[in-house]
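So this one's data_29.cif, mmCIF, C-alpha atoms and all ligand atoms; chains and numbers go by the auth columns:
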data_work
loop_
_atom_site.group_PDB
_atom_site.id
_atom_site.type_symbol
_atom_site.label_atom_id
_atom_site.label_comp_id
_atom_site.label_asym_id
_atom_site.label_seq_id
_atom_site.Cartn_x
_atom_site.Cartn_y
_atom_site.Cartn_z
_atom_site.B_iso_or_equiv
_atom_site.auth_seq_id
_atom_site.auth_asym_id
ATOM 1 C CA MET A 1 0.000 0.000 0.000 0.00 1 A
ATOM 2 C CA VAL A 2 1.461 3.374 -1.017 0.00 2 A
ATOM 3 C CA VAL A 3 0.674 6.210 1.321 0.00 3 A
ATOM 4 C CA GLU A 4 1.447 9.677 0.031 0.00 4 A
ATOM 5 C CA GLU A 5 2.056 12.711 2.171 0.00 5 A
ATOM 6 C CA LYS A 6 -0.541 15.171 0.865 0.00 6 A
ATOM 7 C CA SER A 7 -1.316 18.775 1.595 0.00 7 A
ATOM 8 C CA ARG A 8 -3.470 18.918 4.718 0.00 8 A
ATOM 9 C CA VAL A 9 -5.575 21.861 3.550 0.00 9 A
ATOM 10 C CA GLU A 10 -6.915 22.393 0.042 0.00 10 A
ATOM 11 C CA ALA A 11 -9.408 24.820 -1.526 0.00 11 A
ATOM 12 C CA THR A 12 -12.798 23.521 -2.699 0.00 12 A
ATOM 13 C CA GLU A 13 -14.548 24.818 -5.830 0.00 13 A
ATOM 14 C CA ALA A 14 -16.649 27.137 -3.704 0.00 14 A
ATOM 15 C CA GLY A 15 -13.396 28.673 -2.455 0.00 15 A
ATOM 16 C CA GLN A 16 -13.829 27.217 1.018 0.00 16 A
ATOM 17 C CA GLN A 17 -10.929 25.436 2.676 0.00 17 A
ATOM 18 C CA ARG A 18 -11.157 21.662 2.900 0.00 18 A
ATOM 19 C CA VAL A 19 -9.238 19.989 5.717 0.00 19 A
ATOM 20 C CA GLU A 20 -7.795 16.495 5.437 0.00 20 A
ATOM 21 C CA VAL A 21 -7.442 14.227 8.464 0.00 21 A
ATOM 22 C CA ASN A 22 -5.732 10.805 8.522 0.00 22 A
ATOM 23 C CA ILE A 23 -7.257 8.499 11.123 0.00 23 A
ATOM 24 C CA LEU A 24 -5.740 5.177 12.204 0.00 24 A
ATOM 25 C CA LEU A 25 -7.818 2.511 13.977 0.00 25 A
ATOM 26 C CA LEU A 26 -5.953 0.201 16.331 0.00 26 A
ATOM 27 C CA GLY A 27 -6.925 -2.510 18.793 0.00 27 A
ATOM 28 C CA ALA A 28 -7.189 -6.278 19.109 0.00 28 A
ATOM 29 C CA HIS A 29 -8.806 -8.553 16.551 0.00 29 A
ATOM 30 C CA ASN A 30 -12.642 -8.809 16.745 0.00 30 A
ATOM 31 C CA VAL A 31 -13.277 -5.712 18.875 0.00 31 A
ATOM 32 C CA GLY A 32 -15.298 -3.984 16.141 0.00 32 A
ATOM 33 C CA LYS A 33 -12.812 -1.679 14.366 0.00 33 A
ATOM 34 C CA SER A 34 -14.305 -2.498 10.964 0.00 34 A
ATOM 35 C CA ALA A 35 -17.866 -2.348 12.325 0.00 35 A
ATOM 36 C CA LEU A 36 -17.217 1.139 13.724 0.00 36 A
ATOM 37 C CA THR A 37 -15.581 2.315 10.473 0.00 37 A
ATOM 38 C CA VAL A 38 -18.367 0.943 8.270 0.00 38 A
ATOM 39 C CA ARG A 39 -21.009 2.450 10.612 0.00 39 A
ATOM 40 C CA PHE A 40 -19.419 5.863 10.238 0.00 40 A
ATOM 41 C CA LEU A 41 -18.984 5.560 6.459 0.00 41 A
ATOM 42 C CA THR A 42 -22.350 4.023 5.536 0.00 42 A
ATOM 43 C CA ARG A 43 -24.530 4.344 8.684 0.00 43 A
ATOM 44 C CA ARG A 44 -25.037 0.568 8.491 0.00 44 A
ATOM 45 C CA PHE A 45 -24.089 -2.441 10.624 0.00 45 A
ATOM 46 C CA ILE A 46 -23.629 -5.466 8.366 0.00 46 A
ATOM 47 C CA GLY A 47 -22.454 -8.027 10.956 0.00 47 A
ATOM 48 C CA GLU A 48 -19.461 -9.664 9.254 0.00 48 A
ATOM 49 C CA TYR A 49 -16.574 -7.704 7.803 0.00 49 A
ATOM 50 C CA GLY A 50 -13.771 -10.166 6.910 0.00 50 A
ATOM 51 C CA ASP A 51 -10.154 -9.401 7.687 0.00 51 A
ATOM 52 C CA VAL A 52 -9.334 -6.954 4.912 0.00 52 A
ATOM 53 C CA GLU A 53 -7.075 -4.043 5.786 0.00 53 A
ATOM 54 C CA SER A 54 -8.114 -0.875 3.917 0.00 54 A
ATOM 55 C CA VAL A 55 -7.886 2.903 3.783 0.00 55 A
ATOM 56 C CA TYR A 56 -11.278 4.522 3.157 0.00 56 A
ATOM 57 C CA SER A 57 -12.047 8.152 2.328 0.00 57 A
ATOM 58 C CA ARG A 58 -15.177 10.153 2.998 0.00 58 A
ATOM 59 C CA VAL A 59 -15.951 13.868 2.841 0.00 59 A
ATOM 60 C CA ASP A 60 -18.158 15.152 5.640 0.00 60 A
ATOM 61 C CA ARG A 61 -19.032 18.443 7.302 0.00 61 A
ATOM 62 C CA VAL A 62 -17.933 19.070 10.880 0.00 62 A
ATOM 63 C CA ARG A 63 -19.442 22.296 12.228 0.00 63 A
ATOM 64 C CA GLY A 64 -19.687 23.796 8.737 0.00 64 A
ATOM 65 C CA GLN A 65 -16.129 22.846 7.771 0.00 65 A
ATOM 66 C CA GLU A 66 -15.591 20.364 4.928 0.00 66 A
ATOM 67 C CA VAL A 67 -13.365 17.523 6.179 0.00 67 A
ATOM 68 C CA VAL A 68 -11.813 14.684 4.171 0.00 68 A
ATOM 69 C CA PHE A 69 -11.656 11.651 6.473 0.00 69 A
ATOM 70 C CA ASN A 70 -8.968 9.136 5.425 0.00 70 A
ATOM 71 C CA ILE A 71 -9.565 6.110 7.645 0.00 71 A
ATOM 72 C CA TRP A 72 -7.040 3.280 7.932 0.00 72 A
ATOM 73 C CA ASP A 73 -8.873 0.230 9.327 0.00 73 A
ATOM 74 C CA SER A 74 -5.744 -1.525 10.538 0.00 74 A
ATOM 75 C CA GLN A 75 -5.002 -5.117 11.588 0.00 75 A
ATOM 76 C CA CYS A 76 -1.805 -4.012 13.272 0.00 76 A
ATOM 77 C CA THR A 77 -1.283 -4.818 16.952 0.00 77 A
ATOM 78 C CA GLN A 78 2.512 -4.391 17.021 0.00 78 A
ATOM 79 C CA LEU A 79 3.498 -0.790 17.490 0.00 79 A
ATOM 80 C CA PRO A 80 6.812 1.122 17.118 0.00 80 A
ATOM 81 C CA GLU A 81 9.180 -0.836 19.332 0.00 81 A
ATOM 82 C CA LYS A 82 8.222 -4.065 17.604 0.00 82 A
ATOM 83 C CA SER A 83 7.564 -3.351 13.909 0.00 83 A
ATOM 84 C CA GLN A 84 8.384 -1.066 10.995 0.00 84 A
ATOM 85 C CA SER A 85 4.795 -1.247 9.770 0.00 85 A
ATOM 86 C CA GLY A 86 3.689 0.120 13.157 0.00 86 A
ATOM 87 C CA VAL A 87 6.034 3.095 12.703 0.00 87 A
ATOM 88 C CA LYS A 88 4.729 3.687 9.171 0.00 88 A
ATOM 89 C CA ARG A 89 1.127 3.720 10.355 0.00 89 A
ATOM 90 C CA LEU A 90 1.801 6.201 13.144 0.00 90 A
ATOM 91 C CA GLN A 91 3.755 8.483 10.801 0.00 91 A
ATOM 92 C CA TRP A 92 0.812 8.517 8.413 0.00 92 A
ATOM 93 C CA ALA A 93 -1.809 9.237 11.073 0.00 93 A
ATOM 94 C CA ASP A 94 -2.915 12.619 12.406 0.00 94 A
ATOM 95 C CA GLY A 95 -4.894 10.882 15.130 0.00 95 A
ATOM 96 C CA VAL A 96 -5.692 7.404 16.446 0.00 96 A
ATOM 97 C CA ILE A 97 -8.888 5.628 17.495 0.00 97 A
ATOM 98 C CA LEU A 98 -8.058 2.823 19.947 0.00 98 A
ATOM 99 C CA VAL A 99 -10.860 0.277 20.178 0.00 99 A
ATOM 100 C CA TYR A 100 -11.454 -2.424 22.787 0.00 100 A
ATOM 101 C CA ASP A 101 -14.401 -4.726 23.503 0.00 101 A
ATOM 102 C CA ILE A 102 -15.907 -4.044 26.961 0.00 102 A
ATOM 103 C CA CYS A 103 -16.536 -7.803 27.321 0.00 103 A
ATOM 104 C CA ASP A 104 -12.940 -8.785 26.506 0.00 104 A
ATOM 105 C CA ARG A 105 -10.451 -7.755 29.176 0.00 105 A
ATOM 106 C CA SER A 106 -7.415 -8.766 27.109 0.00 106 A
ATOM 107 C CA SER A 107 -8.453 -6.297 24.402 0.00 107 A
ATOM 108 C CA PHE A 108 -8.458 -3.517 27.046 0.00 108 A
ATOM 109 C CA LEU A 109 -4.968 -4.545 28.221 0.00 109 A
ATOM 110 C CA LEU A 110 -3.776 -4.417 24.597 0.00 110 A
ATOM 111 C CA VAL A 111 -5.048 -0.862 23.968 0.00 111 A
ATOM 112 C CA ARG A 112 -3.504 0.228 27.281 0.00 112 A
ATOM 113 C CA GLN A 113 -0.175 -1.088 26.046 0.00 113 A
ATOM 114 C CA GLN A 114 -0.625 0.496 22.594 0.00 114 A
ATOM 115 C CA LEU A 115 -1.478 3.810 24.238 0.00 115 A
ATOM 116 C CA GLN A 116 1.698 3.717 26.334 0.00 116 A
ATOM 117 C CA GLN A 117 3.723 2.939 23.196 0.00 117 A
ATOM 118 C CA ILE A 118 2.142 5.872 21.362 0.00 118 A
ATOM 119 C CA ARG A 119 2.804 8.250 24.266 0.00 119 A
ATOM 120 C CA ARG A 120 6.451 7.106 24.521 0.00 120 A
ATOM 121 C CA ARG A 121 7.189 8.135 20.935 0.00 121 A
ATOM 122 C CA ARG A 122 9.101 11.401 20.895 0.00 122 A
ATOM 123 C CA LYS A 123 6.973 13.110 18.224 0.00 123 A
ATOM 124 C CA TRP A 124 3.737 11.723 19.647 0.00 124 A
ATOM 125 C CA PRO A 125 3.560 12.575 23.347 0.00 125 A
ATOM 126 C CA SER A 126 0.418 14.651 22.838 0.00 126 A
ATOM 127 C CA ALA A 127 -0.981 12.922 19.755 0.00 127 A
ATOM 128 C CA PRO A 128 -4.779 13.106 19.417 0.00 128 A
ATOM 129 C CA VAL A 129 -6.227 9.777 20.575 0.00 129 A
ATOM 130 C CA VAL A 130 -9.808 8.669 21.254 0.00 130 A
ATOM 131 C CA LEU A 131 -10.305 5.545 23.351 0.00 131 A
ATOM 132 C CA VAL A 132 -13.439 3.539 22.506 0.00 132 A
ATOM 133 C CA GLY A 133 -15.068 0.744 24.502 0.00 133 A
ATOM 134 C CA ASN A 134 -17.254 -1.013 21.904 0.00 134 A
ATOM 135 C CA LYS A 135 -20.133 -3.567 22.181 0.00 135 A
ATOM 136 C CA ARG A 136 -22.026 -1.592 24.799 0.00 136 A
ATOM 137 C CA ASP A 137 -25.160 -3.532 23.849 0.00 137 A
ATOM 138 C CA LEU A 138 -23.503 -6.552 25.580 0.00 138 A
ATOM 139 C CA ARG A 139 -22.842 -4.637 28.823 0.00 139 A
ATOM 140 C CA ARG A 140 -24.479 -7.333 30.970 0.00 140 A
ATOM 141 C CA HIS A 141 -21.371 -9.422 30.170 0.00 141 A
ATOM 142 C CA ARG A 142 -18.850 -6.643 30.572 0.00 142 A
ATOM 143 C CA SER A 143 -15.388 -7.351 32.030 0.00 143 A
ATOM 144 C CA VAL A 144 -14.114 -3.763 31.788 0.00 144 A
ATOM 145 C CA SER A 145 -15.994 -1.135 33.784 0.00 145 A
ATOM 146 C CA GLY A 146 -16.794 2.264 32.313 0.00 146 A
ATOM 147 C CA GLU A 147 -14.777 3.785 35.151 0.00 147 A
ATOM 148 C CA GLU A 148 -11.605 1.923 34.121 0.00 148 A
ATOM 149 C CA GLY A 149 -11.912 3.166 30.555 0.00 149 A
ATOM 150 C CA ARG A 150 -12.580 6.718 31.706 0.00 150 A
ATOM 151 C CA LEU A 151 -9.626 6.703 34.137 0.00 151 A
ATOM 152 C CA LEU A 152 -7.215 5.403 31.488 0.00 152 A
ATOM 153 C CA ALA A 153 -8.390 8.096 29.067 0.00 153 A
ATOM 154 C CA LEU A 154 -7.994 10.767 31.746 0.00 154 A
ATOM 155 C CA ALA A 155 -4.488 9.609 32.700 0.00 155 A
ATOM 156 C CA GLN A 156 -3.360 9.504 29.049 0.00 156 A
ATOM 157 C CA ARG A 157 -5.179 12.677 27.883 0.00 157 A
ATOM 158 C CA CYS A 158 -7.525 10.897 25.432 0.00 158 A
ATOM 159 C CA GLY A 159 -11.126 11.315 24.427 0.00 159 A
ATOM 160 C CA PHE A 160 -13.341 8.480 25.684 0.00 160 A
ATOM 161 C CA PHE A 161 -16.619 6.888 24.557 0.00 161 A
ATOM 162 C CA GLU A 162 -18.458 3.661 25.197 0.00 162 A
ATOM 163 C CA VAL A 163 -20.485 2.804 22.097 0.00 163 A
ATOM 164 C CA SER A 164 -22.296 0.032 20.303 0.00 164 A
ATOM 165 C CA ALA A 165 -21.470 -0.108 16.597 0.00 165 A
ATOM 166 C CA ALA A 166 -24.209 -2.743 16.370 0.00 166 A
ATOM 167 C CA GLU A 167 -26.944 -0.529 17.803 0.00 167 A
ATOM 168 C CA THR A 168 -26.375 3.071 16.774 0.00 168 A
ATOM 169 C CA TYR A 169 -24.779 5.331 14.173 0.00 169 A
ATOM 170 C CA HIS A 170 -24.619 8.244 16.598 0.00 170 A
ATOM 171 C CA GLY A 171 -21.805 6.720 18.733 0.00 171 A
ATOM 172 C CA ALA A 172 -19.557 6.201 15.690 0.00 172 A
ATOM 173 C CA LEU A 173 -20.254 9.762 14.549 0.00 173 A
ATOM 174 C CA LEU A 174 -19.301 11.166 17.979 0.00 174 A
ATOM 175 C CA VAL A 175 -16.034 9.203 18.022 0.00 175 A
ATOM 176 C CA PHE A 176 -14.839 10.337 14.566 0.00 176 A
ATOM 177 C CA HIS A 177 -15.929 13.950 15.025 0.00 177 A
ATOM 178 C CA ARG A 178 -14.276 14.174 18.463 0.00 178 A
ATOM 179 C CA LEU A 179 -10.994 12.989 16.948 0.00 179 A
ATOM 180 C CA VAL A 180 -11.235 15.601 14.179 0.00 180 A
ATOM 181 C CA ASP A 181 -11.738 18.294 16.848 0.00 181 A
ATOM 182 C CA MET A 182 -8.664 17.044 18.716 0.00 182 A
ATOM 183 C CA VAL A 183 -6.571 17.043 15.514 0.00 183 A
ATOM 184 C CA ALA A 184 -7.719 20.615 14.764 0.00 184 A
ATOM 185 C CA GLU A 185 -6.780 21.707 18.321 0.00 185 A
ATOM 186 C CA SER A 186 -3.362 20.079 18.075 0.00 186 A
ATOM 187 C CA ARG A 187 -2.680 21.688 14.650 0.00 187 A
ATOM 188 C CA ALA A 188 -3.668 25.115 16.007 0.00 188 A
ATOM 189 C CA LEU A 189 -1.375 24.588 19.000 0.00 189 A
ATOM 190 C CA ARG A 190 1.546 23.551 16.778 0.00 190 A
ATOM 191 C CA LYS A 191 0.963 26.569 14.536 0.00 191 A
ATOM 192 C CA SER A 192 0.902 29.021 17.435 0.00 192 A
ATOM 193 C CA SER A 193 3.972 27.473 19.093 0.00 193 A
ATOM 194 C CA ALA A 194 5.789 27.627 15.717 0.00 194 A
ATOM 195 C CA GLY A 195 4.816 31.324 15.611 0.00 195 A
ATOM 196 C CA VAL A 196 6.230 31.887 19.113 0.00 196 A
ATOM 197 C CA ARG A 197 9.432 30.011 18.155 0.00 197 A
ATOM 198 C CA GLY A 198 9.726 32.291 15.080 0.00 198 A
ATOM 199 C CA ILE A 199 9.394 35.408 17.250 0.00 199 A
ATOM 200 C CA VAL A 200 11.990 34.091 19.734 0.00 200 A
ATOM 201 C CA ARG A 201 14.357 33.365 16.823 0.00 201 A
ATOM 202 C CA SER A 202 14.001 36.876 15.337 0.00 202 A
ATOM 203 C CA VAL A 203 14.419 38.565 18.744 0.00 203 A
ATOM 204 C CA SER A 204 17.541 36.449 19.412 0.00 204 A
ATOM 205 C CA ALA A 205 18.904 37.386 15.969 0.00 205 A
ATOM 206 C CA VAL A 206 18.411 41.132 16.714 0.00 206 A
ATOM 207 C CA PHE A 207 20.231 40.798 20.075 0.00 207 A
ATOM 208 C CA ALA A 208 23.025 38.777 18.450 0.00 208 A
ATOM 209 C CA ARG A 209 23.455 41.549 15.799 0.00 209 A
ATOM 210 C CA LYS A 210 23.494 44.242 18.493 0.00 210 A
ATOM 211 C CA ARG A 211 26.176 42.370 20.462 0.00 211 A
ATOM 212 C CA ALA A 212 28.273 42.045 17.303 0.00 212 A
ATOM 213 C CA GLU A 213 28.076 45.815 16.575 0.00 213 A
HETATM 214 P P1 LIG B . -12.327 -6.054 13.998 0.00 301 B
HETATM 215 O O1 LIG B . -11.550 -7.346 13.876 0.00 301 B
HETATM 216 O O2 LIG B . -11.852 -5.259 15.172 0.00 301 B
HETATM 217 O O3 LIG B . -12.370 -5.267 12.734 0.00 301 B
HETATM 218 O O4 LIG B . -13.831 -6.482 14.373 0.00 301 B
HETATM 219 P P2 LIG B . -15.135 -6.543 13.408 0.00 301 B
HETATM 220 O O5 LIG B . -15.601 -5.188 13.084 0.00 301 B
HETATM 221 O O6 LIG B . -14.862 -7.470 12.277 0.00 301 B
HETATM 222 O O7 LIG B . -16.190 -7.194 14.426 0.00 301 B
HETATM 223 C C1 LIG B . -15.924 -8.454 15.025 0.00 301 B
HETATM 224 C C2 LIG B . -17.242 -9.119 15.413 0.00 301 B
HETATM 225 O O8 LIG B . -17.883 -8.351 16.448 0.00 301 B
HETATM 226 C C3 LIG B . -18.251 -9.208 14.266 0.00 301 B
HETATM 227 O O9 LIG B . -18.930 -10.432 14.355 0.00 301 B
HETATM 228 C C4 LIG B . -19.206 -8.048 14.511 0.00 301 B
HETATM 229 O O10 LIG B . -20.504 -8.331 14.021 0.00 301 B
HETATM 230 C C5 LIG B . -19.198 -7.970 16.045 0.00 301 B
HETATM 231 N N1 LIG B . -19.455 -6.602 16.543 0.00 301 B
HETATM 232 C C6 LIG B . -18.850 -5.459 16.169 0.00 301 B
HETATM 233 N N2 LIG B . -19.340 -4.419 16.863 0.00 301 B
HETATM 234 C C7 LIG B . -20.274 -4.922 17.696 0.00 301 B
HETATM 235 C C8 LIG B . -21.131 -4.323 18.678 0.00 301 B
HETATM 236 O O11 LIG B . -21.165 -3.123 18.941 0.00 301 B
HETATM 237 N N3 LIG B . -21.956 -5.193 19.369 0.00 301 B
HETATM 238 C C9 LIG B . -21.970 -6.539 19.121 0.00 301 B
HETATM 239 N N4 LIG B . -22.823 -7.281 19.807 0.00 301 B
HETATM 240 N N5 LIG B . -21.194 -7.109 18.202 0.00 301 B
HETATM 241 C C10 LIG B . -20.341 -6.309 17.498 0.00 301 B
HETATM 242 MG MG MG B . -11.520 -5.661 10.842 0.00 302 B
#

Output the file's structure in the form of structure tokens.
Amino acid sequence: MVVEEKSRVEATEAGQQRVEVNILLLGAHNVGKSALTVRFLTRRFIGEYGDVESVYSRVDRVRGQEVVFNIWDSQCTQLPEKSQSGVKRLQWADGVILVYDICDRSSFLLVRQQLQQIRRRRKWPSAPVVLVGNKRDLRRHRSVSGEEGRLLALAQRCGFFEVSAAETYHGALLVFHRLVDMVAESRALRKSSAGVRGIVRSVSAVFARKRAE
């Protein structure tokens, strides 16, 4: 699969700016990554999804802004320390959706580990991440409490939702839109800190010139 680095902002025909956001889904096998992706893209739950790894694109409006969602429905469980393909995926992504199944404790332990790996990466300490506990319709059989999910998200500065891809479209919509908001916030922060760094550089240059005179 060839992944190109594209411009993040482009103009639409109407002259409005269109923003592009690359979203990577991670988590254990069978937690509902594909179900959540397909729900968001088509509003439907089809039950069986196969094990195909794909990048999907969809244009949608988020608070009046046109957004191109590029969604990588990944099968990858090995992150940076273990695999080159993990590194490639994280480099491509602007934000990550980490999915676990609230009835499968091992899937929660895996996303906790993946989250720590993401946070340890030098360029990714504050990467936008949304943590999702899926299969809420099966909550009578849950083995991960809502509190545990919420506390992990709080400790690692993530968004958090418990949803059921099987039951509603609304949950999937909230998850993807929340991540886009977080990516927008992190881009604005980077831009303003780059601006401050620019000002510091010019002020330092003026002082350096003055000292030389
Ligand atoms: P992936 O391996 O993480 O992509 O998982 P899939 O999206 O293929 O889903 C794995 C299985 O869980 C499938 O049989 C889905 O029908 C089922 N599934 C996905 N989401 C839900 C959900 O919210 N509730 C229930 N009950 N089943 C779900
Ligand atoms: Mg899948």

Cut-off 12 Å around (-20.3, 1.3, 29.1) with all atoms listed in the file: residues as a list in words:
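Output of the proximity query reads Tyr100, Asp101, Ile102, Cys103, Val132, Gly133, Asn134, Lys135, Arg136, Asp137, Leu138, Arg139, Arg140, His141, Arg142, Ser143, Val144, Ser145, Gly146, Glu147, Glu148, Gly149, Arg150, Phe160, Phe161, Glu162, Val163, Ser164 and Gly171 of chain A.
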
To one decimal place in Å, what is the distance between atom C4 of ligand LIG 301 (chain B) and atom CA of Ser106 of chain A?
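If I compute the distance from atom C4 of ligand LIG 301 (chain B) to atom CA of Ser106 of chain A, I get 17.3 Å.
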
Closest to ligand MG 302 (chain B) among A:Asp181, A:Glu20, A:Asp60, A:Glu53, using all atoms listed in the file?
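Under the stated criterion, the closest residue is A:Glu53.
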
Residues picked by the PyMOL selection byres (((not hetatm)) within 6 of (chain B and resi 301)) here, as a list in words?
His29, Asn30, Val31, Gly32, Lys33, Ser34, Ala35, Gly47, Glu48, Tyr49, Asn134, Lys135, Asp137, Leu138, Ser164, Ala165 and Ala166 of chain A

Of the candidates A:Ile46, A:Val67, A:Val129, A:Val19, which one gets nearest to Gln114 of chain A if we count all atoms listed in the file?
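Result for the nearest residue to Gln114 of chain A: A:Val129.
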
Near Ala93 of chain A, within 7 Å and counting all atoms listed in the file, which residues show up once chain neighbours fewer than 6 positions away are dropped, as a PyMOL selection string?
chain A and resi 22-24

Selected residues written out, C-alpha atoms, as a PDB file, in the frame of the given file:
ATOM      1  CA  ASN A  22      -5.732  10.805   8.522  1.00  0.00           C
ATOM      2  CA  ILE A  23      -7.257   8.499  11.123  1.00  0.00           C
ATOM      3  CA  LEU A  24      -5.740   5.177  12.204  1.00  0.00           C
TER       4      LEU A  24
END

Given all atoms listed in the file as the basis, pick out the residue of A:Ser126, A:Thr42, A:Asn70, A:Gln75 nearest to ligand MG 302 (chain B).
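Nearest to ligand MG 302 (chain B): A:Gln75.
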
Restrict the output to segment 98-120 of chain A and N, CA and C atoms, then write it as a short mmCIF file (atom, residue, chain, number, x, y, z; two decimals), in the first residue's frame.
data_model
loop_
_atom_site.label_atom_id
_atom_site.label_comp_id
_atom_site.auth_asym_id
_atom_site.auth_seq_id
_atom_site.Cartn_x
_atom_site.Cartn_y
_atom_site.Cartn_z
N LEU A 98 -8.44 4.10 19.33
CA LEU A 98 -8.06 2.82 19.95
C LEU A 98 -9.32 2.13 20.42
N VAL A 99 -9.60 0.95 19.87
CA VAL A 99 -10.86 0.28 20.18
C VAL A 99 -10.62 -0.98 21.02
N TYR A 100 -11.43 -1.16 22.07
CA TYR A 100 -11.45 -2.42 22.79
C TYR A 100 -12.90 -2.88 22.93
N ASP A 101 -13.07 -4.14 23.31
CA ASP A 101 -14.40 -4.73 23.50
C ASP A 101 -14.64 -4.77 25.02
N ILE A 102 -15.70 -4.13 25.50
CA ILE A 102 -15.91 -4.04 26.96
C ILE A 102 -16.13 -5.42 27.61
N CYS A 103 -16.36 -6.45 26.78
CA CYS A 103 -16.54 -7.80 27.32
C CYS A 103 -15.26 -8.63 27.23
N ASP A 104 -14.19 -8.04 26.72
CA ASP A 104 -12.94 -8.79 26.51
C ASP A 104 -11.79 -8.02 27.17
N ARG A 105 -11.45 -8.48 28.38
CA ARG A 105 -10.45 -7.76 29.18
C ARG A 105 -9.09 -7.69 28.47
N SER A 106 -8.73 -8.77 27.76
CA SER A 106 -7.41 -8.77 27.11
C SER A 106 -7.34 -7.68 26.03
N SER A 107 -8.48 -7.35 25.44
CA SER A 107 -8.45 -6.30 24.40
C SER A 107 -8.23 -4.93 25.05
N PHE A 108 -8.70 -4.77 26.30
CA PHE A 108 -8.46 -3.52 27.05
C PHE A 108 -6.97 -3.42 27.41
N LEU A 109 -6.39 -4.55 27.85
CA LEU A 109 -4.97 -4.55 28.22
C LEU A 109 -4.11 -4.23 27.00
N LEU A 110 -4.54 -4.70 25.81
CA LEU A 110 -3.78 -4.42 24.60
C LEU A 110 -3.82 -2.93 24.26
N VAL A 111 -5.02 -2.30 24.32
CA VAL A 111 -5.05 -0.86 23.97
C VAL A 111 -4.28 -0.03 25.00
N ARG A 112 -4.27 -0.50 26.26
CA ARG A 112 -3.50 0.23 27.28
C ARG A 112 -2.01 0.21 26.92
N GLN A 113 -1.57 -0.95 26.46
CA GLN A 113 -0.18 -1.09 26.05
C GLN A 113 0.11 -0.25 24.80
N GLN A 114 -0.82 -0.28 23.83
CA GLN A 114 -0.63 0.50 22.59
C GLN A 114 -0.59 1.99 22.90
N LEU A 115 -1.42 2.40 23.85
CA LEU A 115 -1.48 3.81 24.24
C LEU A 115 -0.15 4.25 24.86
N GLN A 116 0.40 3.39 25.72
CA GLN A 116 1.70 3.72 26.33
C GLN A 116 2.78 3.81 25.26
N GLN A 117 2.73 2.90 24.27
CA GLN A 117 3.72 2.94 23.20
C GLN A 117 3.60 4.22 22.38
N ILE A 118 2.36 4.64 22.12
CA ILE A 118 2.14 5.87 21.36
C ILE A 118 2.68 7.06 22.15
N ARG A 119 2.37 7.11 23.44
CA ARG A 119 2.80 8.25 24.27
C ARG A 119 4.31 8.31 24.45
N ARG A 120 4.99 7.13 24.36
CA ARG A 120 6.45 7.11 24.52
C ARG A 120 7.17 7.64 23.30
#
